[in-house]
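Okay, so here's the structure we're looking at.
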Amino acid sequence: MAPVKFYKYQGTGNDFILIDNRKAIFPEGSEVIKKICDRRFGIGSDGLILIQNHAKADFEMVFFNPDGSLSLCGNGSRCAVKFVLDQKMISTKNPVFHAYDGLHQATLLGDDVRISLHDVHELMPHPEGLWLNTGSPHLVVFENLDDASDITEKGRKLRSDSRFQPGGTNVNFVKMEQGNEITVRTYERGVEAETLSCGTGVTAAALSAGARGKQSPILVNTLGGQLVVGFSPEGDSFKDIYLQGPAHLVFEGTITI
């Protein structure tokens with residue numbers, strides 16, 4: 001058992017535990033991650049992020065869902081960039097980082113962090129809406145659900161749809177607003193609940209709205225705040241995709257693990 005320094009960040013209400021793991025101090029094992037992310041028995045968060053060295057990037061961010069599974073996390077990536085810059089681990093304000101799905105470019109824009117996402121080449125039709133992968137798998141449902149229990153019930157059901165097995169999918173409920181604006185609520189796999197915001201989900205929702213005629217950039221409202229998604233449509237594909245929004249330190253401390 002050893003004390004480990006941690007930092008808690010949030011990006012539009014999506015909260016994460018960040019640890020500098022460049023010296024490989026963090027123990028392996030999903031049970032440790034589950035305990036730390038637990039909101040009653042641990043620090044509590046929507047995920048845990050380890051910052052590590054990488055041969056081809058300024059740093060690597062390894063993101064774990066609260067259940068210990070690995071994935072890309074858009075808001076977590078933005079928080080990781082802000083953490084690395086706050087701690088002066090690197091000198092550039094435009095770092096390249098490695099994540100679950102490869103390399104990404106980041107830019108600090110005042111209080112906002114913008115990250116690039118990989119091109120999306122296919123939006124697959126589903127009886128409930130559209131499915132696509134923005135680094136993590138997302139089903140986009142164009143339905144305005146305001147009640148949290150409805151979102152949890154329907155989200156949990158669709159998350160486990162046989163079409164998406166064995167890994168399951170995230171589920172986003174989208175309300176089309178006026179102009180270039182949408183509102184999104186997301187049920188996240190791994191968290192197994194609605195979160196205040198989901199970066200890759202917001203991106204998936206914005207691209208799906210783009211396929212329905214919305215113009216880039218799209219302003220996205222979430223329970224935790226506003227994000228911006230930009231893209232360039234090219235036939236049935238989308239390129240030059242970015243996610244932009246705020247990322248802030250909440251508190252820091254030490255935990256014995």
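Convention: chains lettered A, B, ... in structure tokens order; per-chain residue numbering from 1; ligands numbered from 1 as shown.
By chain and then residue number, the residues within 9 Å of Ala206 in chain A are Glu181, Ile182, Gly201, Val202, Thr203, Ala204, Ser208, Ala209, Gly210, Ala211, Lys214, Ser216, Pro217, Ile218, Leu219, Val220, Val228, Val229, Gly230 and Phe231 of chain A, counting only C-alpha atoms and disregarding those fewer than 2 positions away in sequence.
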Could you write out the selected residues, including N, CA, C and O atoms, as a compact mmCIF listing (two decimals), in the first residue's frame?
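Output below, filename part.txt:
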```txt
# COMPACT_ATOMS: atom_id res chain seq x y z
N GLU A 181 -27.65 24.11 -33.45
CA GLU A 181 -27.61 23.72 -32.04
C GLU A 181 -28.40 22.43 -31.82
O GLU A 181 -29.43 22.19 -32.44
N ILE A 182 -27.88 21.58 -30.91
CA ILE A 182 -28.59 20.38 -30.50
C ILE A 182 -28.42 20.21 -28.98
O ILE A 182 -27.54 20.81 -28.37
N GLY A 201 -19.67 10.93 -27.40
CA GLY A 201 -21.11 10.87 -27.66
C GLY A 201 -21.63 12.16 -28.26
O GLY A 201 -22.45 12.15 -29.21
N VAL A 202 -21.18 13.27 -27.74
CA VAL A 202 -21.53 14.58 -28.29
C VAL A 202 -21.08 14.67 -29.75
O VAL A 202 -21.80 15.18 -30.61
N THR A 203 -19.87 14.17 -30.02
CA THR A 203 -19.34 14.18 -31.38
C THR A 203 -20.20 13.32 -32.30
O THR A 203 -20.54 13.73 -33.42
N ALA A 204 -20.54 12.12 -31.84
CA ALA A 204 -21.40 11.23 -32.63
C ALA A 204 -22.75 11.88 -32.92
O ALA A 204 -23.27 11.80 -34.03
N SER A 208 -24.20 12.99 -36.61
CA SER A 208 -25.51 12.47 -37.03
C SER A 208 -26.45 13.62 -37.38
O SER A 208 -27.23 13.53 -38.34
N ALA A 209 -26.37 14.71 -36.60
CA ALA A 209 -27.17 15.89 -36.92
C ALA A 209 -26.68 16.52 -38.22
O ALA A 209 -27.48 17.05 -39.01
N GLY A 210 -25.36 16.45 -38.46
CA GLY A 210 -24.82 16.93 -39.73
C GLY A 210 -25.34 16.14 -40.91
O GLY A 210 -25.61 16.69 -41.97
N ALA A 211 -25.52 14.83 -40.69
CA ALA A 211 -26.09 14.00 -41.75
C ALA A 211 -27.55 14.35 -42.01
O ALA A 211 -28.08 14.03 -43.08
N LYS A 214 -27.65 19.72 -40.35
CA LYS A 214 -27.04 20.75 -39.51
C LYS A 214 -25.65 21.09 -40.05
O LYS A 214 -24.92 20.24 -40.54
N SER A 216 -21.72 22.65 -39.69
CA SER A 216 -20.59 22.78 -38.78
C SER A 216 -20.18 24.25 -38.64
O SER A 216 -20.26 25.01 -39.61
N PRO A 217 -19.74 24.68 -37.44
CA PRO A 217 -19.66 23.92 -36.19
C PRO A 217 -21.02 23.84 -35.50
O PRO A 217 -21.85 24.74 -35.64
N ILE A 218 -21.22 22.77 -34.75
CA ILE A 218 -22.48 22.56 -34.03
C ILE A 218 -22.27 22.80 -32.54
O ILE A 218 -21.33 22.27 -31.94
N LEU A 219 -23.13 23.63 -31.96
CA LEU A 219 -23.12 23.89 -30.52
C LEU A 219 -23.97 22.80 -29.85
O LEU A 219 -25.13 22.60 -30.21
N VAL A 220 -23.37 22.12 -28.88
CA VAL A 220 -24.05 20.99 -28.24
C VAL A 220 -24.29 21.29 -26.76
O VAL A 220 -23.34 21.57 -26.01
N VAL A 228 -18.49 22.30 -28.43
CA VAL A 228 -18.56 22.61 -29.85
C VAL A 228 -17.92 21.47 -30.63
O VAL A 228 -16.84 20.99 -30.28
N VAL A 229 -18.61 21.04 -31.69
CA VAL A 229 -18.07 20.00 -32.57
C VAL A 229 -18.00 20.56 -33.98
O VAL A 229 -18.99 21.09 -34.50
N GLY A 230 -16.82 20.46 -34.57
CA GLY A 230 -16.63 20.89 -35.95
C GLY A 230 -16.29 19.70 -36.84
O GLY A 230 -15.74 18.70 -36.38
N PHE A 231 -16.59 19.82 -38.12
CA PHE A 231 -16.32 18.72 -39.06
C PHE A 231 -16.46 19.21 -40.49
O PHE A 231 -17.05 20.27 -40.76
```
Residue contacts of range 126-139 of chain A (10 Å, only C-alpha atoms) excluding same-chain residues fewer than 6 positions away, as JSON, numbers by chain: {"A": [70, 71, 72, 73, 74, 99, 100, 101, 102, 117, 118, 119, 120, 155, 158, 159, 163, 164, 167, 168, 169, 170, 171, 172, 173, 186, 187, 188, 189, 199, 200, 201, 202, 203, 204, 205, 207, 208, 211, 241]}
Export, as a compact mmCIF listing (two decimals), in the first residue's frame, the selected residues with C-alpha atoms.
```txt
# COMPACT_ATOMS: atom_id res chain seq x y z
CA LEU A 70 -10.38 0.67 -21.79
CA SER A 71 -11.71 3.11 -24.39
CA LEU A 72 -11.26 6.53 -25.91
CA CYS A 73 -12.82 9.35 -23.92
CA GLY A 74 -13.30 12.76 -25.56
CA ALA A 99 -4.97 7.48 -26.78
CA TYR A 100 -6.84 4.19 -27.13
CA ASP A 101 -7.43 4.68 -30.87
CA GLY A 102 -4.13 6.31 -31.82
CA LEU A 117 -10.78 13.07 -33.66
CA HIS A 118 -10.30 10.49 -36.38
CA ASP A 119 -12.31 10.52 -39.59
CA VAL A 120 -15.66 8.74 -39.51
CA GLY A 155 -30.37 3.57 -22.59
CA LEU A 158 -30.27 -0.31 -26.15
CA ARG A 159 -26.76 -0.49 -24.70
CA ARG A 163 -26.52 -5.98 -32.59
CA PHE A 164 -23.76 -4.39 -30.49
CA GLY A 167 -18.92 -4.96 -26.19
CA GLY A 168 -22.21 -3.08 -26.17
CA THR A 169 -22.61 0.57 -27.14
CA ASN A 170 -23.17 4.02 -25.68
CA VAL A 171 -26.58 5.58 -26.31
CA ASN A 172 -27.26 9.27 -27.05
CA PHE A 173 -30.68 10.91 -27.07
CA THR A 186 -25.99 10.15 -22.92
CA TYR A 187 -26.17 6.74 -21.29
CA GLU A 188 -22.57 5.51 -21.05
CA ARG A 189 -21.48 1.91 -21.08
CA GLY A 199 -17.29 13.90 -25.52
CA THR A 200 -17.32 11.08 -28.05
CA GLY A 201 -21.11 10.87 -27.66
CA VAL A 202 -21.53 14.58 -28.29
CA THR A 203 -19.34 14.18 -31.38
CA ALA A 204 -21.40 11.23 -32.63
CA ALA A 205 -24.60 13.20 -32.08
CA LEU A 207 -22.12 14.19 -36.91
CA SER A 208 -25.51 12.47 -37.03
CA ALA A 211 -26.09 14.00 -41.75
CA ILE A 241 -13.46 16.49 -36.79
```
Every residue of range 16-240 of chain A that DSSP places in helix (DSSP H, G or I), as a ChimeraX atom specification: /A:30-37,74-86,148-159,162-164,199-211
What are the closest atom pairs, with distances in Å to one decimal, for all residues of range 103-132 of chain A lying within 10 Å of range 50-64 of chain A? Consider only C-alpha atoms, order rows by chain and residue number, and present the result as a Markdown table.
```
| residue | atom | partner | partner_atom | distance |
| --- | --- | --- | --- | --- |
| A:Leu103 | CA | A:Ala57 | CA | 7.4 |
| A:His104 | CA | A:Ala57 | CA | 8.9 |
| A:Gln105 | CA | A:Ala57 | CA | 9.6 |
```
Can you write out the residues you just picked, keeping C-alpha atoms, as a short mmCIF file (atom, residue, chain, number, x, y, z; two decimals), in the first residue's frame?
```
data_model
loop_
_atom_site.label_atom_id
_atom_site.label_comp_id
_atom_site.auth_asym_id
_atom_site.auth_seq_id
_atom_site.Cartn_x
_atom_site.Cartn_y
_atom_site.Cartn_z
CA LEU A 103 -2.69 9.82 -32.11
CA HIS A 104 -4.63 13.07 -31.60
CA GLN A 105 -3.74 16.75 -31.93
#
```
Between CA of Lys82 in chain A and CA of Leu48 in chain A - distance in Å to one decimal: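 Going from CA of Leu48 in chain A over to CA of Lys82 in chain A covers 14.9 Å.
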